[in-house]
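Enquirer: Sharing run.pdb below, PDB, C-alpha atoms:
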ATOM      1  CA  MET L   3      27.457  40.524 -89.930
ATOM      2  CA  THR L   4      28.671  41.842 -86.600
ATOM      3  CA  ALA L   5      27.143  41.109 -83.207
ATOM      4  CA  ALA L   6      25.898  44.704 -83.105
ATOM      5  CA  ASP L   7      24.122  44.281 -86.449
ATOM      6  CA  LEU L   8      22.461  41.103 -85.192
ATOM      7  CA  LEU L   9      21.312  42.878 -82.059
ATOM      8  CA  LEU L  10      19.819  45.658 -84.184
ATOM      9  CA  MET L  11      17.879  43.077 -86.195
ATOM     10  CA  VAL L  12      16.584  41.539 -82.986
ATOM     11  CA  MET L  13      15.522  44.991 -81.775
ATOM     12  CA  VAL L  14      13.646  45.609 -85.028
ATOM     13  CA  GLY L  15      11.893  42.304 -84.429
ATOM     14  CA  GLY L  16      10.901  43.521 -80.970
ATOM     15  CA  LEU L  17       9.616  46.807 -82.405
ATOM     16  CA  THR L  18       7.597  44.857 -84.956
ATOM     17  CA  ALA L  19       5.993  42.759 -82.231
ATOM     18  CA  TYR L  20       5.192  45.908 -80.247
ATOM     19  CA  ALA L  21       3.704  47.627 -83.279
ATOM     20  CA  LEU L  22       1.492  44.668 -84.188
ATOM     21  CA  LEU L  23       0.377  43.784 -80.658
ATOM     22  CA  GLY L  24       0.722  46.863 -78.483
ATOM     23  CA  GLY L  25      -0.112  49.080 -81.446
ATOM     24  CA  ALA L  26      -3.434  47.316 -81.929
ATOM     25  CA  ASP L  27      -4.184  47.883 -78.239
ATOM     26  CA  PHE L  28      -3.570  51.614 -78.680
ATOM     27  CA  GLY L  29      -5.771  51.578 -81.759
ATOM     28  CA  GLY L  30      -8.547  50.048 -79.699
ATOM     29  CA  GLY L  31      -8.321  53.112 -77.473
ATOM     30  CA  VAL L  32      -8.695  55.336 -80.538
ATOM     31  CA  TRP L  33     -11.959  53.622 -81.453
ATOM     32  CA  ASP L  34     -13.051  53.790 -77.833
ATOM     33  CA  LEU L  35     -12.579  57.566 -78.069
ATOM     34  CA  LEU L  36     -14.501  57.790 -81.349
ATOM     35  CA  ALA L  37     -17.302  55.361 -80.476
ATOM     36  CA  ARG L  38     -20.641  56.992 -81.240
ATOM     37  CA  GLY L  39     -24.213  56.004 -81.943
ATOM     38  CA  PRO L  40     -26.566  53.424 -80.483
ATOM     39  CA  HIS L  41     -23.905  50.714 -80.440
ATOM     40  CA  ALA L  42     -21.190  52.802 -78.759
ATOM     41  CA  GLY L  43     -21.527  50.904 -75.482
ATOM     42  CA  ASP L  44     -21.267  47.556 -77.237
ATOM     43  CA  GLN L  45     -18.203  48.752 -79.155
ATOM     44  CA  ARG L  46     -16.460  49.803 -75.955
ATOM     45  CA  ALA L  47     -17.363  46.500 -74.313
ATOM     46  CA  LEU L  48     -15.905  44.588 -77.263
ATOM     47  CA  ILE L  49     -12.696  46.636 -77.110
ATOM     48  CA  SER L  50     -12.399  46.137 -73.364
ATOM     49  CA  GLY L  51     -12.956  42.414 -73.688
ATOM     50  CA  ALA L  52     -10.355  42.101 -76.448
ATOM     51  CA  LEU L  53      -7.722  44.037 -74.508
ATOM     52  CA  GLY L  54      -8.431  42.660 -71.052
ATOM     53  CA  PRO L  55      -6.154  39.602 -70.937
ATOM     54  CA  VAL L  56      -3.237  41.009 -72.967
ATOM     55  CA  TRP L  57      -3.097  44.805 -72.675
ATOM     56  CA  GLU L  58      -0.253  44.797 -70.156
ATOM     57  CA  ALA L  59       1.657  41.811 -71.549
ATOM     58  CA  ASN L  60       2.172  43.501 -74.910
ATOM     59  CA  HIS L  61       4.336  46.210 -73.345
ATOM     60  CA  VAL L  62       7.024  43.598 -72.711
ATOM     61  CA  TRP L  63       8.246  44.220 -76.266
ATOM     62  CA  LEU L  64       8.836  47.917 -75.658
ATOM     63  CA  ILE L  65      10.698  47.136 -72.447
ATOM     64  CA  PHE L  66      12.740  44.570 -74.340
ATOM     65  CA  VAL L  67      13.794  47.124 -76.989
ATOM     66  CA  ILE L  68      14.684  49.760 -74.381
ATOM     67  CA  VAL L  69      16.823  47.320 -72.380
ATOM     68  CA  ALA L  70      18.546  46.089 -75.559
ATOM     69  CA  MET L  71      19.314  49.684 -76.570
ATOM     70  CA  PHE L  72      20.637  50.561 -73.122
ATOM     71  CA  SER L  73      22.803  47.432 -72.926
ATOM     72  CA  GLY L  74      23.975  47.153 -76.520
ATOM     73  CA  PHE L  75      24.169  50.791 -77.625
ATOM     74  CA  PRO L  76      24.633  52.893 -74.464
ATOM     75  CA  ALA L  77      25.928  55.958 -76.314
ATOM     76  CA  ALA L  78      22.819  56.022 -78.517
ATOM     77  CA  PHE L  79      20.618  55.534 -75.478
ATOM     78  CA  GLY L  80      22.240  58.598 -73.935
ATOM     79  CA  VAL L  81      21.696  60.713 -77.057
ATOM     80  CA  ILE L  82      18.063  59.655 -77.407
ATOM     81  CA  GLY L  83      17.377  60.124 -73.722
ATOM     82  CA  SER L  84      18.877  63.609 -73.652
ATOM     83  CA  THR L  85      17.315  64.920 -76.872
ATOM     84  CA  LEU L  86      13.928  63.210 -77.092
ATOM     85  CA  GLU L  87      13.063  63.399 -73.418
ATOM     86  CA  LEU L  88       9.851  65.385 -73.943
ATOM     87  CA  PRO L  89       8.040  63.140 -76.463
ATOM     88  CA  MET L  90       9.363  60.028 -74.726
ATOM     89  CA  ALA L  91       8.161  61.282 -71.347
ATOM     90  CA  LEU L  92       4.742  62.080 -72.799
ATOM     91  CA  ALA L  93       4.575  58.605 -74.356
ATOM     92  CA  LEU L  94       5.408  57.090 -70.966
ATOM     93  CA  VAL L  95       2.783  59.236 -69.244
ATOM     94  CA  GLY L  96       0.280  58.005 -71.820
ATOM     95  CA  ILE L  97       1.169  54.366 -71.105
ATOM     96  CA  VAL L  98       0.832  54.864 -67.350
ATOM     97  CA  LEU L  99      -2.430  56.818 -67.524
ATOM     98  CA  ARG L 100      -3.846  54.331 -69.977
ATOM     99  CA  GLY L 101      -3.130  51.447 -67.623
ATOM    100  CA  VAL L 102      -4.511  53.245 -64.586
ATOM    101  CA  ALA L 103      -7.642  54.311 -66.445
ATOM    102  CA  TYR L 104      -8.253  50.833 -67.814
ATOM    103  CA  VAL L 105      -8.063  49.256 -64.368
ATOM    104  CA  TYR L 106     -10.237  51.866 -62.677
ATOM    105  CA  ARG L 107     -12.840  51.727 -65.425
ATOM    106  CA  ALA L 108     -12.909  47.926 -65.541
ATOM    107  CA  TYR L 109     -12.713  47.123 -61.845
ATOM    108  CA  GLY L 110     -13.203  50.319 -59.880
ATOM    109  CA  ALA L 111     -17.025  50.306 -59.999
ATOM    110  CA  GLY L 112     -16.996  54.072 -59.550
ATOM    111  CA  ALA L 113     -14.877  53.935 -56.381
ATOM    112  CA  ALA L 114     -12.158  56.102 -57.974
ATOM    113  CA  GLY L 115     -14.557  58.501 -59.656
ATOM    114  CA  PRO L 116     -17.118  58.129 -62.452
ATOM    115  CA  ASP L 117     -16.229  55.362 -64.864
ATOM    116  CA  HIS L 118     -16.800  57.594 -67.890
ATOM    117  CA  TRP L 119     -14.007  59.903 -66.692
ATOM    118  CA  TRP L 120     -11.580  57.011 -66.739
ATOM    119  CA  GLY L 121     -12.935  55.955 -70.109
ATOM    120  CA  HIS L 122     -11.984  59.336 -71.562
ATOM    121  CA  VAL L 123      -8.532  59.171 -69.951
ATOM    122  CA  PHE L 124      -7.997  55.682 -71.352
ATOM    123  CA  ALA L 125      -8.998  56.726 -74.856
ATOM    124  CA  VAL L 126      -6.987  59.959 -74.953
ATOM    125  CA  ALA L 127      -3.878  58.313 -73.468
ATOM    126  CA  SER L 128      -4.142  55.517 -76.053
ATOM    127  CA  THR L 129      -3.912  58.192 -78.746
ATOM    128  CA  VAL L 130      -1.132  60.251 -77.171
ATOM    129  CA  THR L 131       1.369  57.403 -76.836
ATOM    130  CA  PRO L 132       1.538  56.203 -80.477
ATOM    131  CA  PHE L 133       1.551  59.832 -81.597
ATOM    132  CA  MET L 134       4.615  60.561 -79.466
ATOM    133  CA  LEU L 135       6.379  57.392 -80.580
ATOM    134  CA  GLY L 136       5.821  58.445 -84.191
ATOM    135  CA  VAL L 137       7.307  61.859 -83.380
ATOM    136  CA  CYS L 138      10.367  60.141 -81.886
ATOM    137  CA  GLY L 139      10.865  58.015 -84.993
ATOM    138  CA  ALA L 140      10.702  61.066 -87.221
ATOM    139  CA  ALA L 141      13.206  62.931 -85.037
ATOM    140  CA  MET L 142      15.649  60.017 -85.203
ATOM    141  CA  ALA L 143      15.349  59.925 -89.005
ATOM    142  CA  SER L 144      15.730  63.673 -89.502
ATOM    143  CA  GLY L 145      18.240  64.342 -86.737
ATOM    144  CA  ASN L 146      15.859  66.962 -85.355
ATOM    145  CA  ALA L 147      16.768  66.076 -81.788
ATOM    146  CA  ARG L 148      18.514  68.796 -79.796
ATOM    147  CA  THR L 149      19.744  69.032 -76.250
ATOM    148  CA  ASP L 150      19.020  72.777 -76.137
ATOM    149  CA  ASP L 151      15.388  72.541 -77.306
ATOM    150  CA  ALA L 152      13.265  69.681 -75.997
ATOM    151  CA  THR L 153      10.278  70.881 -78.025
ATOM    152  CA  ALA L 154      12.044  70.689 -81.409
ATOM    153  CA  PRO L 155      10.587  67.256 -82.356
ATOM    154  CA  LEU L 156       7.090  68.547 -81.593
ATOM    155  CA  THR L 157       7.397  71.636 -83.785
ATOM    156  CA  SER L 158       8.404  69.786 -86.952
ATOM    157  CA  ALA L 159       5.758  69.197 -89.625
ATOM    158  CA  PHE L 160       7.478  65.919 -90.452
ATOM    159  CA  GLY L 161       7.262  64.802 -86.832
ATOM    160  CA  LEU L 162       3.632  65.834 -86.427
ATOM    161  CA  VAL L 163       2.513  64.061 -89.591
ATOM    162  CA  ALA L 164       4.527  60.979 -88.586
ATOM    163  CA  GLY L 165       2.746  61.008 -85.237
ATOM    164  CA  GLY L 166      -0.632  61.229 -86.942
ATOM    165  CA  PHE L 167       0.378  58.405 -89.270
ATOM    166  CA  ALA L 168       1.325  56.209 -86.294
ATOM    167  CA  VAL L 169      -2.052  56.818 -84.633
ATOM    168  CA  THR L 170      -3.920  56.034 -87.852
ATOM    169  CA  VAL L 171      -1.966  52.832 -88.407
ATOM    170  CA  THR L 172      -2.773  51.600 -84.907
ATOM    171  CA  ALA L 173      -6.438  52.407 -85.507
ATOM    172  CA  PHE L 174      -6.346  50.442 -88.778
ATOM    173  CA  LEU L 175      -4.813  47.417 -87.058
ATOM    174  CA  ALA L 176      -7.320  47.530 -84.226
ATOM    175  CA  ALA L 177     -10.318  47.780 -86.571
ATOM    176  CA  VAL L 178      -9.136  44.780 -88.596
ATOM    177  CA  TYR L 179      -8.437  42.734 -85.473
ATOM    178  CA  LEU L 180     -11.768  43.666 -83.905
ATOM    179  CA  CYS L 181     -13.678  42.642 -87.030
ATOM    180  CA  ARG L 182     -12.659  39.061 -86.382
ATOM    181  CA  ASP L 183     -13.406  39.267 -82.661
ATOM    182  CA  ALA L 184     -16.877  40.678 -83.309
ATOM    183  CA  SER L 185     -17.676  38.118 -86.003
ATOM    184  CA  ARG L 186     -16.991  35.179 -83.711
ATOM    185  CA  ARG L 187     -19.849  35.842 -81.290
ATOM    186  CA  ALA L 188     -23.535  36.089 -82.041
ATOM    187  CA  GLY L 189     -23.871  38.856 -79.465
ATOM    188  CA  THR L 190     -21.407  41.124 -81.267
ATOM    189  CA  GLU L 191     -21.994  40.316 -84.935
ATOM    190  CA  HIS L 192     -24.033  43.508 -85.284
ATOM    191  CA  LEU L 193     -20.786  45.474 -84.773
ATOM    192  CA  VAL L 194     -18.979  43.947 -87.741
ATOM    193  CA  ASP L 195     -20.295  46.298 -90.406
ATOM    194  CA  GLY L 196     -19.291  49.382 -88.430
ATOM    195  CA  LEU L 197     -15.838  47.982 -87.762
ATOM    196  CA  ARG L 198     -15.402  47.124 -91.439
ATOM    197  CA  ARG L 199     -16.157  50.740 -92.325
ATOM    198  CA  ARG L 200     -13.626  51.896 -89.731
ATOM    199  CA  ALA L 201     -10.963  49.545 -91.092
ATOM    200  CA  LEU L 202     -11.494  50.718 -94.658
ATOM    201  CA  GLY L 203     -11.669  54.388 -93.684
ATOM    202  CA  SER L 204      -8.554  54.302 -91.505
ATOM    203  CA  ALA L 205      -6.661  52.564 -94.324
ATOM    204  CA  VAL L 206      -7.564  55.403 -96.683
ATOM    205  CA  VAL L 207      -6.468  57.997 -94.123
ATOM    206  CA  ALA L 208      -3.202  56.124 -93.468
ATOM    207  CA  GLY L 209      -2.480  56.000 -97.203
ATOM    208  CA  THR L 210      -3.174  59.717 -97.523
ATOM    209  CA  LEU L 211      -0.837  60.538 -94.634
ATOM    210  CA  ALA L 212       1.839  58.302 -96.151
ATOM    211  CA  CYS L 213       1.629  60.346 -99.360
ATOM    212  CA  VAL L 214       1.980  63.538 -97.324
ATOM    213  CA  LEU L 215       4.970  62.087 -95.465
ATOM    214  CA  LEU L 216       7.001  61.349 -98.596
ATOM    215  CA  PRO L 217       7.811  64.960 -99.605
ATOM    216  CA  LEU L 218       8.399  65.832 -95.939
ATOM    217  CA  LEU L 219      10.794  62.899 -95.687
ATOM    218  CA  TRP L 220      12.825  64.200 -98.633
ATOM    219  CA  ARG L 221      12.806  67.723 -97.211
ATOM    220  CA  ASP L 222      13.565  67.009 -93.546
ATOM    221  CA  ALA L 223      15.375  63.655 -93.679
ATOM    222  CA  PRO L 224      17.221  63.563 -97.024
ATOM    223  CA  VAL L 225      19.815  61.028 -95.820
ATOM    224  CA  VAL L 226      17.170  58.489 -94.870
ATOM    225  CA  ALA L 227      15.090  59.356 -97.935
ATOM    226  CA  GLN L 228      17.969  58.560-100.304
ATOM    227  CA  ARG L 229      18.576  55.236 -98.595
ATOM    228  CA  PHE L 230      14.864  54.506 -98.589
ATOM    229  CA  ALA L 231      14.711  54.978-102.346
ATOM    230  CA  THR L 232      17.306  52.223-102.822
ATOM    231  CA  ARG L 233      16.775  49.926 -99.840
ATOM    232  CA  GLY L 234      13.115  50.337 -99.065
ATOM    233  CA  VAL L 235      11.496  49.230-102.341
ATOM    234  CA  PRO L 236      10.993  45.562-101.322
ATOM    235  CA  PHE L 237       9.480  46.614 -98.011
ATOM    236  CA  VAL L 238       7.216  49.188 -99.659
ATOM    237  CA  MET L 239       5.986  46.526-102.075
ATOM    238  CA  ALA L 240       5.347  44.110 -99.205
ATOM    239  CA  SER L 241       3.506  46.799 -97.272
ATOM    240  CA  ALA L 242       1.402  47.794-100.296
ATOM    241  CA  CYS L 243       0.486  44.176-101.014
ATOM    242  CA  GLY L 244      -0.422  43.634 -97.388
ATOM    243  CA  GLY L 245      -2.509  46.799 -97.231
ATOM    244  CA  VAL L 246      -4.449  46.103-100.415
ATOM    245  CA  GLY L 247      -4.857  42.475 -99.428
ATOM    246  CA  ALA L 248      -6.211  43.460 -96.022
ATOM    247  CA  LEU L 249      -8.781  45.769 -97.580
ATOM    248  CA  VAL L 250      -9.957  43.083-100.005
ATOM    249  CA  LEU L 251     -10.114  40.466 -97.267
ATOM    250  CA  VAL L 252     -12.022  42.768 -94.910
ATOM    251  CA  TRP L 253     -14.451  43.614 -97.692
ATOM    252  CA  ARG L 254     -14.982  39.895 -98.357
ATOM    253  CA  ARG L 255     -15.208  39.143 -94.622
ATOM    254  CA  HIS L 256     -12.172  36.866 -94.418
ATOM    255  CA  PHE L 257     -11.114  38.414 -91.143
ATOM    256  CA  THR L 258      -8.459  35.945 -89.978
ATOM    257  CA  ALA L 259      -6.496  36.308 -93.215
ATOM    258  CA  ALA L 260      -7.085  40.072 -93.084
ATOM    259  CA  ARG L 261      -5.257  40.204 -89.759
ATOM    260  CA  LEU L 262      -2.167  38.652 -91.305
ATOM    261  CA  ALA L 263      -2.285  40.964 -94.314
ATOM    262  CA  ALA L 264      -2.725  44.045 -92.106
ATOM    263  CA  GLY L 265       0.232  42.941 -90.014
ATOM    264  CA  LEU L 266       2.370  42.651 -93.139
ATOM    265  CA  ALA L 267       1.300  46.139 -94.233
ATOM    266  CA  VAL L 268       2.399  47.680 -90.940
ATOM    267  CA  ALA L 269       5.545  45.571 -90.581
ATOM    268  CA  GLY L 270       6.652  46.542 -94.096
ATOM    269  CA  VAL L 271       6.574  50.226 -93.176
ATOM    270  CA  LEU L 272       8.610  49.590 -90.035
ATOM    271  CA  TRP L 273      11.152  47.406 -91.801
ATOM    272  CA  GLY L 274      11.560  49.941 -94.600
ATOM    273  CA  TRP L 275      12.251  52.694 -92.075
ATOM    274  CA  ALA L 276      14.771  50.500 -90.216
ATOM    275  CA  ALA L 277      16.607  49.607 -93.426
ATOM    276  CA  ALA L 278      16.827  53.259 -94.467
ATOM    277  CA  GLN L 279      17.875  54.403 -91.003
ATOM    278  CA  TYR L 280      20.833  52.000 -90.795
ATOM    279  CA  PRO L 281      23.644  52.548 -89.867
ATOM    280  CA  ASP L 282      22.493  55.720 -88.097
ATOM    281  CA  LEU L 283      20.550  55.471 -84.872
ATOM    282  CA  VAL L 284      20.043  59.226 -84.762
ATOM    283  CA  VAL L 285      20.965  60.738 -88.120
ATOM    284  CA  GLY L 286      23.865  63.152 -87.885
ATOM    285  CA  GLN L 287      24.485  62.412 -84.225
ATOM    286  CA  VAL L 288      25.225  58.761 -83.512
ATOM    287  CA  SER L 289      25.673  55.602 -85.577
ATOM    288  CA  ALA L 290      25.412  51.939 -84.667
ATOM    289  CA  VAL L 291      29.172  51.406 -85.001
ATOM    290  CA  ALA L 292      30.088  54.354 -82.803
ATOM    291  CA  ALA L 293      27.422  53.624 -80.191
ATOM    292  CA  ALA L 294      27.874  49.860 -79.858
ATOM    293  CA  ALA L 295      29.124  48.409 -76.613
ATOM    294  CA  PRO L 296      32.204  46.134 -76.718
ATOM    295  CA  THR L 297      31.605  42.986 -78.750
ATOM    296  CA  GLU L 298      31.778  40.763 -75.674
ATOM    297  CA  ASN L 299      29.006  42.777 -74.040
ATOM    298  CA  VAL L 300      26.809  42.641 -77.130
ATOM    299  CA  ARG L 301      27.273  38.882 -77.388
ATOM    300  CA  ALA L 302      26.304  38.512 -73.747
ATOM    301  CA  VAL L 303      23.160  40.563 -74.408
ATOM    302  CA  LEU L 304      22.275  38.341 -77.371
ATOM    303  CA  ILE L 305      22.698  35.204 -75.275
ATOM    304  CA  ALA L 306      20.515  36.660 -72.535
ATOM    305  CA  ILE L 307      17.884  37.660 -75.082
ATOM    306  CA  GLY L 308      17.893  34.174 -76.597
ATOM    307  CA  ALA L 309      17.357  32.577 -73.195
ATOM    308  CA  GLY L 310      14.656  35.084 -72.305
ATOM    309  CA  VAL L 311      12.775  34.681 -75.576
ATOM    310  CA  ALA L 312      12.849  30.886 -75.190
ATOM    311  CA  MET L 313      10.840  31.309 -71.983
ATOM    312  CA  LEU L 314       8.755  34.294 -73.074
ATOM    313  CA  ILE L 315       7.342  33.152 -76.413
ATOM    314  CA  PRO L 316       5.636  29.954 -75.170
ATOM    315  CA  ALA L 317       4.088  31.879 -72.269
ATOM    316  CA  LEU L 318       2.721  34.581 -74.572
ATOM    317  CA  VAL L 319       1.417  32.023 -77.062
ATOM    318  CA  LEU L 320      -0.430  30.258 -74.248
ATOM    319  CA  LEU L 321      -1.778  33.566 -72.959
ATOM    320  CA  PHE L 322      -3.203  34.513 -76.340
ATOM    321  CA  LYS L 323      -4.565  31.043 -76.972
ATOM    322  CA  VAL L 324      -6.357  30.786 -73.645
ATOM    323  CA  PHE L 325      -7.621  34.337 -73.190
ATOM    324  CA  ALA L 326      -7.424  36.384 -76.366
ATOM    325  CA  ASP L 327      -8.793  33.795 -78.805
ATOM    326  CA  PRO L 328     -11.714  31.946 -77.216
ATOM    327  CA  GLU L 329     -13.352  29.101 -79.052
ATOM    328  CA  PRO L 330     -15.817  30.400 -81.663
ATOM    329  CA  ALA L 331     -19.438  29.490 -81.720
ATOM    330  CA  ALA L 332     -20.332  26.624 -84.033
ATOM    331  CA  GLY L 333     -21.898  28.882 -86.640
ATOM    332  CA  ASP L 334     -18.824  31.117 -86.771
ATOM    333  CA  LEU L 335     -16.203  28.495 -87.680
ATOM    334  CA  HIS L 336     -16.292  29.420 -91.378
ATOM    335  CA  ARG L 337     -14.799  32.796 -90.561
TER
END
Mind converting the file's structure to structure tokens?
Expert:
Amino acid sequence: MTAADLLLMVMVGGLTAYALLGGADFGGGVWDLLARGPHAGDQRALISGALGPVWEANHVWLIFVIVAMFSGFPAAFGVIGSTLELPMALALVGIVLRGVAYVYRAYGAGAAGPDHWWGHVFAVASTVTPFMLGVCGAAMASGNARTDDATAPLTSAFGLVAGGFAVTVTAFLAAVYLCRDASRRAGTEHLVDGLRRRALGSAVVAGTLACVLLPLLWRDAPVVAQRFATRGVPFVMASACGGVGALVLVWRRHFTAARLAAGLAVAGVLWGWAAAQYPDLVVGQVSAVAAAAPTENVRAVLIAIGAGVAMLIPALVLLFKVFADPEPAAGDLHR
């Protein structure tokens, strides 16, 4: 294994962390957008409380992947930046607007305009960003990234369905995570049944979109599809087991275990895509070998990442332990 291959594996690990943590935050915004009925206010309050301590920290993983790409594979960074600038810019706009809207809604007390305006901005931006990231992934797999047409990734059926799949997956993660949060407080237990229905429904939609994606993958990204058929089977099996397990565990109200199973389901999809994509970073345009920086540079990046992660992980673990996972009430310990 070369230093470049190791760096790619580390980057996939960073993408996995972003999908499971930041992705769930985006999914919370989806449910904020779709909250209806007499408990809509309580649902939004639960989502806001769950995201409050960690919503910004989770973006560290995306920054980590971007810096690793820029430092370790500068040629690929140039290709991606010059061909996927439109969906990437829209994803960035979504991240920025989402952050601004969250702060104004949570702390502005109407000083920056009606809070419900910022609530709508927060929810819509939370949907736009994962959609655009899904479009980017599809463009990298199909090679449908052109310097002469910035809109090409957004006019592909494969890209659009991949974007919808990404949004649905984040919604599934968020619903599963929120089931546990709601079940751990007497004041929010009445939300559990609705969140269970959302988790089960979004899983069905995600599975349907995955079935739609398969023929589009073979049509628009045959190189990756052929590799996926040989390399992706273990990851597909892991994802399927995780998805089915999450549904069973949610149905039986074992929400902590359901979180782990849902994470495996999503991670399996990401790992399968990464395995099929290798060694191309953008199919037909740039490969890992051609784009890699000199070995000495890549090794230096790996050393820096190791030192950074050694400081970052304990801080994030403490953050989640203190803020994102408060002590449950005595009657909720069985969950």
Enquirer: With the PyMOL selection byres ((chain L and resi 194-199) around 9) as the selection, what would be picked from this file? Answer as a list in words, please.
Expert: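 Evaluating the PyMOL selection byres ((chain L and resi 194-199) around 9) on this file yields Gln45, Ala177, Val178, Leu180, Cys181, Arg182, Asp183, Ala184, Ser185, Thr190, Glu191, His192, Leu193, Arg200, Ala201, Leu202, Gly203, Ser204, Val252, Trp253 and Arg255 of chain L.
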Enquirer: Applied to this file, what does the PyMOL selection byres ((chain L and resi 128-136) around 6) return in terms of residues, put as a list in words?
Expert: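 That selection, the PyMOL selection byres ((chain L and resi 128-136) around 6), comes back as Phe28, Gly31, Val32, Pro89, Ala93, Gly96, Ala125, Val126, Ala127, Val137, Cys138, Gly139, Ala164, Gly165, Gly166, Ala168 and Val169 of chain L.
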Enquirer: Pick out the residues sitting within 8 Å of L:Val171, and hand them over as a ChimeraX atom specification; count all atoms listed in the file, and ignore anything fewer than 4 positions along from it in its own chain.
Expert: /L:29,167,175,204-205,208,268
Enquirer: Which residue gives the smallest distance to L:Ala140 among L:Gln279, L:Asn299, L:Thr210, L:Thr258, with all atoms listed in the file counted?
Expert: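 That would be L:Gln279, the residue with the smallest distance to L:Ala140.
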Enquirer: Hey, which of L:Thr170, L:Ala264, L:Ile315, L:Gly286 ends up closest to L:Arg148? Count all atoms listed in the file.
Expert: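 Among the listed residues, the smallest separation from L:Arg148 belongs to L:Gly286.
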Enquirer: Give me, please, the distance in Å between atom CA of L:Asp150 and atom CA of L:Ser73, quoted to one decimal.
Expert: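 Value for the atom CA of L:Asp150-atom CA of L:Ser73 distance: 25.8 Å.
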Enquirer: Dump as a Markdown table the rows for residues of stretch 275-315 of chain L within 9 Å of stretch 226-232 of chain L: closest atom pair and distance in Å with one decimal, only C-alpha atoms counted, ordered by chain and rising residue number.
Expert:
| residue | atom | partner | partner_atom | distance |
| --- | --- | --- | --- | --- |
| L:Trp275 | CA | L:Phe230 | CA | 7.2 |
| L:Ala277 | CA | L:Phe230 | CA | 7.3 |
| L:Ala278 | CA | L:Phe230 | CA | 4.7 |
| L:Gln279 | CA | L:Val226 | CA | 5.7 |
| L:Tyr280 | CA | L:Val226 | CA | 8.5 |
| L:Val285 | CA | L:Val226 | CA | 8.1 |
Enquirer: Kindly provide, as a PDB file with C-alpha atoms, keeping the file's coordinate frame, the polymer residues lying within 6 Å of (28.7, 52.9, -82.5), counting all atoms listed in the file and using the coordinates exactly as they appear in the file.
Expert:
ATOM      1  CA  SER L 289      25.673  55.602 -85.577  1.00  0.00           C
ATOM      2  CA  ALA L 290      25.412  51.939 -84.667  1.00  0.00           C
ATOM      3  CA  VAL L 291      29.172  51.406 -85.001  1.00  0.00           C
ATOM      4  CA  ALA L 292      30.088  54.354 -82.803  1.00  0.00           C
ATOM      5  CA  ALA L 293      27.422  53.624 -80.191  1.00  0.00           C
ATOM      6  CA  ALA L 294      27.874  49.860 -79.858  1.00  0.00           C
TER       7      ALA L 294
END
Enquirer: Enter the distance from atom CA of L:Pro155 to atom CA of L:Leu92, in Å, rounded to one decimal.
Expert: 12.3 Å
Enquirer: So the first atom is atom CA of L:Gly209 and the second is atom CA of L:Ala173; what is the distance between them in Å, to one decimal place?
Expert: 12.9 Å
Enquirer: Report the centre and edge lengths, in Å to one decimal, of an axis-aligned box enclosing every atom of stretch 63-71 of chain L listed in the file, padded by 5 Å on each side, as lines of an AutoDock Vina configuration file.
Expert:
center_x = 13.8
center_y = 47.0
center_z = -74.7
size_x = 21.1
size_y = 15.5
size_z = 14.6
Enquirer: Can you list, as a list in words, every protein, DNA or RNA residue that comes within 6 Å of stretch 84-88 of chain L when you count only C-alpha atoms, leaving out same-chain residues fewer than 5 positions away?
Expert: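 Residues near the query, excluding close chain neighbours: Ala147, Arg148, Thr149 and Ala152 of chain L.
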Enquirer: Return the single residue from L:Ala260, L:Ala212, L:Val69, L:Ala276 that is closest to L:Phe160, with distances computed using only C-alpha atoms.
Expert: L:Ala212
Enquirer: Could you tell me which of L:Thr4, L:Gly274, L:Tyr179, L:Leu99 comes closest to L:Phe257 if we count all atoms listed in the file?
Expert: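 Nearest to L:Phe257: L:Tyr179.
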Enquirer: If I only have part of stretch 153-158 of chain L, can you fill in N, CA, C and O atoms and write it as a PDB file, keeping the file's coordinate frame?
Expert:
ATOM      1  N   THR L 153      11.527  70.829 -77.251  1.00  0.00           N
ATOM      2  CA  THR L 153      10.278  70.881 -78.025  1.00  0.00           C
ATOM      3  C   THR L 153      10.502  70.744 -79.525  1.00  0.00           C
ATOM      4  O   THR L 153       9.520  70.682 -80.286  1.00  0.00           O
ATOM      5  N   ALA L 154      11.761  70.714 -79.969  1.00  0.00           N
ATOM      6  CA  ALA L 154      12.044  70.689 -81.409  1.00  0.00           C
ATOM      7  C   ALA L 154      11.318  69.557 -82.138  1.00  0.00           C
ATOM      8  O   ALA L 154      10.740  69.786 -83.215  1.00  0.00           O
ATOM      9  N   PRO L 155      11.292  68.318 -81.622  1.00  0.00           N
ATOM     10  CA  PRO L 155      10.587  67.256 -82.356  1.00  0.00           C
ATOM     11  C   PRO L 155       9.096  67.508 -82.504  1.00  0.00           C
ATOM     12  O   PRO L 155       8.472  67.014 -83.439  1.00  0.00           O
ATOM     13  N   LEU L 156       8.535  68.293 -81.578  1.00  0.00           N
ATOM     14  CA  LEU L 156       7.090  68.547 -81.593  1.00  0.00           C
ATOM     15  C   LEU L 156       6.706  69.770 -82.415  1.00  0.00           C
ATOM     16  O   LEU L 156       5.518  70.079 -82.542  1.00  0.00           O
ATOM     17  N   THR L 157       7.681  70.464 -82.954  1.00  0.00           N
ATOM     18  CA  THR L 157       7.397  71.636 -83.785  1.00  0.00           C
ATOM     19  C   THR L 157       7.718  71.380 -85.253  1.00  0.00           C
ATOM     20  O   THR L 157       7.641  72.297 -86.071  1.00  0.00           O
ATOM     21  N   SER L 158       8.076  70.156 -85.576  1.00  0.00           N
ATOM     22  CA  SER L 158       8.404  69.786 -86.952  1.00  0.00           C
ATOM     23  C   SER L 158       7.170  69.234 -87.652  1.00  0.00           C
ATOM     24  O   SER L 158       6.476  68.356 -87.115  1.00  0.00           O
TER      25      SER L 158
END
